[in-house]
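Enquirer: Dropping a structure here in structure tokens format, bear with me for questions.
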Amino acid sequence: MKRWQADCLLLLAALIWGSGFIAQKDANLNMGAITFVGARFLLSALAILPLALSEHKRSTQSLTRNDFGILILVGLCLCSGCCFQQMGLVTTTAGTGGFLTALYVIFVPFLVWIMQGKAPSLSVLFACFISLLGAWLLTSQNSISTPWHKGEIEIIISCLLWGISIPLIPVFLHRTHRPFLLSFGQFLITGVIALFIGILCEPLNSDGISKALPAILYAGFIGGSAFTLQIIAQKHTPASEAALIMSLESVFAALFGISLLGERLNFMAIAGCVLILSGVVLVEMRDVFVRYFKNT
């Protein structure tokens with residue numbers, strides 16, 4: 001797969017995740033946040049299981065203890081990240097939640113540096129700064145001094161947890177070449193743990209689950225496919241650049257929130273959207289110029 005094709009897959013994943021914020025907001029109206037996370041990812045695991053089994057039959061390479069350790073760590077990051085995000089969406093809008101989720105672009109370059117010893121380029125760092133400023137403008141609303149609320153802080157915590165998993169994905173892929181196994185493993189870990197916690201800590205009623213079923217199905221099957229696209233693409237796109245492209249889910253979340261939920265963005269929030277988009281374009285254009293000058 002060529003780099004531009006991998007980037008397109010990441011862009012598609014960002015679009016799916018952006019639309020998924022609508023389903024997540026709807027689910028919070030009818031059932032517990034953590035229970036929803038468990039239900040959606042068990043469906044995602046079920047959907048990807050045939051591909052994971054087929055991949056296993058074709059593979060001749062056995063997995064080591066370290067491989068399973070990376071898989072479990074990625075799964076735990078996904079589980080905790082999704083739970084914090086879903087709880088945060090109880091008290092914040094889909095658009096704001098989408099923009100704040102883009103903050104993992106700040107953490108990823110430094111986590112890559114720590115884990116792999118690859119220092120981020122100046123252009124990537126500048127793009128990350130632009131994205132951070134954009135997210136701050138969104139949450140500040142009409143005043144730069146506006147404090148962040150509980151839901152927004154929970155989503156920021158989820159960003160850090162996701163940021164840890166992003167550099168680990170290409171490590172696992174280069175060791176095992178099993179993207180569908182990684183998808184299935186992280187889905188299963190997230191689904192089992194979150195559903196167990198949700199059943200223990202949150203109220204359950206059949207009427208609420210019935211009303212939330214469309215959101216569960218959409219997030220489970222459609223949203224789950226985006227995580228698989230991310231894993232496949234990250235074998236070809238560096239983690240820091242991948243995080244920047246995936247941060248476009250914030251832009252899509254805002255657009256879906258406006259069109260489907262009637263949410264509104266003020267001038268500062270729109271400026272934040274433009275800044276995040278500019279950060280992604282900056283990184284992509286840098287690669288275009290590098291390839292151009294190498295060929296001339």
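By order of appearance in the structure tokens: chains A, B, ..., then residues from 1 within every chain, and ligands from 1 in the order shown.
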Which polymer residues have any atom within 12 Å of an atom of A:Ser183, counting only C-alpha atoms, with same-chain residues fewer than 4 positions away left out, as number ranges by chain?
Expert: A: 41-42, 44-53, 55, 71-72, 74-75, 78, 169, 172-173, 178-179, 187-190, 224-232
Enquirer: For A:Ala127, find every residue with an atom within 9 Å (counting only C-alpha atoms), except residues of its own chain fewer than 2 positions away, and show them as a PDB file with C-alpha atoms, in the first residue's frame.
Expert:
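around_19.pdb, freshly written:
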ATOM      1  CA  VAL A 105      -1.905  14.826  18.304  1.00  0.00           C
ATOM      2  CA  LEU A 122       9.853  20.888  13.572  1.00  0.00           C
ATOM      3  CA  SER A 123       6.971  20.900  11.083  1.00  0.00           C
ATOM      4  CA  VAL A 124       5.162  18.173  13.037  1.00  0.00           C
ATOM      5  CA  LEU A 125       5.711  20.009  16.319  1.00  0.00           C
ATOM      6  CA  PHE A 129       0.926  23.436  18.407  1.00  0.00           C
ATOM      7  CA  ILE A 130      -1.594  24.733  15.870  1.00  0.00           C
ATOM      8  CA  SER A 131      -3.974  21.876  16.710  1.00  0.00           C
ATOM      9  CA  LEU A 132      -3.616  22.516  20.440  1.00  0.00           C
ATOM     10  CA  LEU A 244      -2.671  14.553  12.780  1.00  0.00           C
ATOM     11  CA  LEU A 275      -6.360  25.767  12.828  1.00  0.00           C
ATOM     12  CA  ILE A 276      -6.679  22.000  13.308  1.00  0.00           C
ATOM     13  CA  SER A 278      -4.320  23.738   8.845  1.00  0.00           C
ATOM     14  CA  GLY A 279      -2.095  21.553  10.996  1.00  0.00           C
ATOM     15  CA  VAL A 280      -3.059  18.464   9.012  1.00  0.00           C
ATOM     16  CA  VAL A 281      -2.558  20.226   5.691  1.00  0.00           C
ATOM     17  CA  LEU A 282       0.857  21.454   6.832  1.00  0.00           C
ATOM     18  CA  VAL A 283       2.114  17.936   7.496  1.00  0.00           C
TER      19      VAL A 283
END
Enquirer: Please provide the set of residues having any atom within 10 Å of A:Lys2, restricted to only C-alpha atoms, with same-chain residues fewer than 6 positions apart removed, written as a PyMOL selection string.
Expert: chain A and resi 233+236-237
Enquirer: Output N, CA and C atoms of each residue in that selection to a file, as a compact mmCIF listing (two decimals), in the first residue's frame.
Expert:
# COMPACT_ATOMS: atom_id res chain seq x y z
N ALA A 233 -3.68 1.15 8.11
CA ALA A 233 -2.98 2.30 7.55
C ALA A 233 -1.71 2.65 8.31
N HIS A 236 1.90 2.03 7.26
CA HIS A 236 2.50 2.79 6.17
C HIS A 236 2.63 4.29 6.47
N THR A 237 1.94 4.78 7.49
CA THR A 237 1.99 6.19 7.86
C THR A 237 2.59 6.33 9.25
Enquirer: Would you compute the distance between atom CA of A:Leu137 and atom CA of A:Ile258? Give it in Å to one decimal.
Expert: 17.5 Å
Enquirer: Suppose you want the space between atom CA of A:Leu15 and atom CA of A:Met246; what is it in Å?
Expert: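 According to the coordinates, atom CA of A:Leu15 and atom CA of A:Met246 are separated by 8.6 Å.
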Enquirer: Per DSSP on the backbone, filter stretch 27-222 of chain A down to the residues in alpha helix (DSSP H) and report them as a VMD selection string.
Expert: chain A and resid 27 to 28 33 to 58 65 to 88 94 to 101 104 to 116 122 to 140 150 to 176 179 to 201 206 to 217
Enquirer: Would you list the contacts of A:Gly69 as a list in words, taking every protein, DNA or RNA residue within 12 Å and counting only C-alpha atoms, but skipping same-chain residues closer than 3 positions in sequence?
Expert: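 Contacts, in chain order: Leu63, Thr64, Arg65, Asn66, Ile72, Leu73, Val74, Gly75, Leu76, Leu168, Val171, Phe172, Leu182, Gly185 and Gln186 of chain A.
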Enquirer: Please write the residues from the selection above to a file, keeping N, CA and C atoms, as an mmCIF file, in the first residue's frame.
Expert:
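Output below, filename part-v3.cif:
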data_model
loop_
_atom_site.group_PDB
_atom_site.id
_atom_site.type_symbol
_atom_site.label_atom_id
_atom_site.label_comp_id
_atom_site.auth_asym_id
_atom_site.auth_seq_id
_atom_site.Cartn_x
_atom_site.Cartn_y
_atom_site.Cartn_z
ATOM 1 N N LEU A 63 3.226 -16.126 17.792
ATOM 2 C CA LEU A 63 3.300 -14.918 18.599
ATOM 3 C C LEU A 63 4.117 -15.158 19.864
ATOM 4 N N THR A 64 4.894 -14.166 20.263
ATOM 5 C CA THR A 64 5.694 -14.250 21.470
ATOM 6 C C THR A 64 4.944 -13.627 22.643
ATOM 7 N N ARG A 65 5.519 -13.787 23.836
ATOM 8 C CA ARG A 65 4.923 -13.186 25.028
ATOM 9 C C ARG A 65 4.900 -11.659 24.907
ATOM 10 N N ASN A 66 5.955 -11.091 24.328
ATOM 11 C CA ASN A 66 5.997 -9.635 24.149
ATOM 12 C C ASN A 66 4.913 -9.158 23.190
ATOM 13 N N ILE A 72 -2.294 -6.576 24.604
ATOM 14 C CA ILE A 72 -3.076 -6.311 25.816
ATOM 15 C C ILE A 72 -2.989 -4.842 26.205
ATOM 16 N N LEU A 73 -1.796 -4.250 26.098
ATOM 17 C CA LEU A 73 -1.635 -2.845 26.446
ATOM 18 C C LEU A 73 -2.454 -1.954 25.515
ATOM 19 N N VAL A 74 -2.443 -2.262 24.211
ATOM 20 C CA VAL A 74 -3.258 -1.498 23.263
ATOM 21 C C VAL A 74 -4.738 -1.629 23.619
ATOM 22 N N GLY A 75 -5.162 -2.845 23.968
ATOM 23 C CA GLY A 75 -6.555 -3.061 24.346
ATOM 24 C C GLY A 75 -6.952 -2.296 25.599
ATOM 25 N N LEU A 76 -6.068 -2.265 26.588
ATOM 26 C CA LEU A 76 -6.361 -1.529 27.822
ATOM 27 C C LEU A 76 -6.424 -0.023 27.569
ATOM 28 N N LEU A 168 2.274 2.215 19.629
ATOM 29 C CA LEU A 168 2.424 0.771 19.832
ATOM 30 C C LEU A 168 1.897 -0.039 18.656
ATOM 31 N N VAL A 171 4.486 -0.940 16.015
ATOM 32 C CA VAL A 171 5.434 -1.891 16.606
ATOM 33 C C VAL A 171 4.879 -3.301 16.516
ATOM 34 N N PHE A 172 3.604 -3.475 16.905
ATOM 35 C CA PHE A 172 2.970 -4.790 16.836
ATOM 36 C C PHE A 172 2.883 -5.288 15.395
ATOM 37 N N LEU A 182 -4.909 -7.800 15.909
ATOM 38 C CA LEU A 182 -4.829 -6.655 16.816
ATOM 39 C C LEU A 182 -6.185 -5.998 16.979
ATOM 40 N N GLY A 185 -8.333 -8.370 19.111
ATOM 41 C CA GLY A 185 -7.861 -8.406 20.491
ATOM 42 C C GLY A 185 -8.238 -7.168 21.277
ATOM 43 N N GLN A 186 -8.031 -5.987 20.688
ATOM 44 C CA GLN A 186 -8.352 -4.768 21.424
ATOM 45 C C GLN A 186 -9.858 -4.595 21.593
#
Enquirer: Excluding stretch 207-215 of chain A and any residue of its chain fewer than 5 positions from it, enumerate the residues within 8 Å of it, using only C-alpha atoms, and give them as a list in words.
Expert: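 Skipping anything fewer than 5 positions along the chain leaves Ala23, Gln24, Asp26, Ala27, Asn30 and Met31 of chain A.
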Enquirer: Point out the residue among A:Leu111, A:Met87, A:Cys273, A:Val37 with the least atom-to-atom distance to A:Leu217, counting only C-alpha atoms.
Expert: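 Ranking A:Leu111, A:Met87, A:Cys273, A:Val37 by distance to A:Leu217, first place goes to A:Val37.
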Enquirer: One number please: atom CA of A:Glu202 to atom CA of A:Lys150, in Å, one decimal.
Expert: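 Computed distance, atom CA of A:Glu202 to atom CA of A:Lys150, equals 18.9 Å.
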Enquirer: Nearest to A:Glu241 among A:Cys83, A:Ala254, A:Ile34, A:Ala6, with distances taken over only C-alpha atoms: which residue is it?
Expert: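 For A:Glu241, the nearest of the given residues is A:Ala6.
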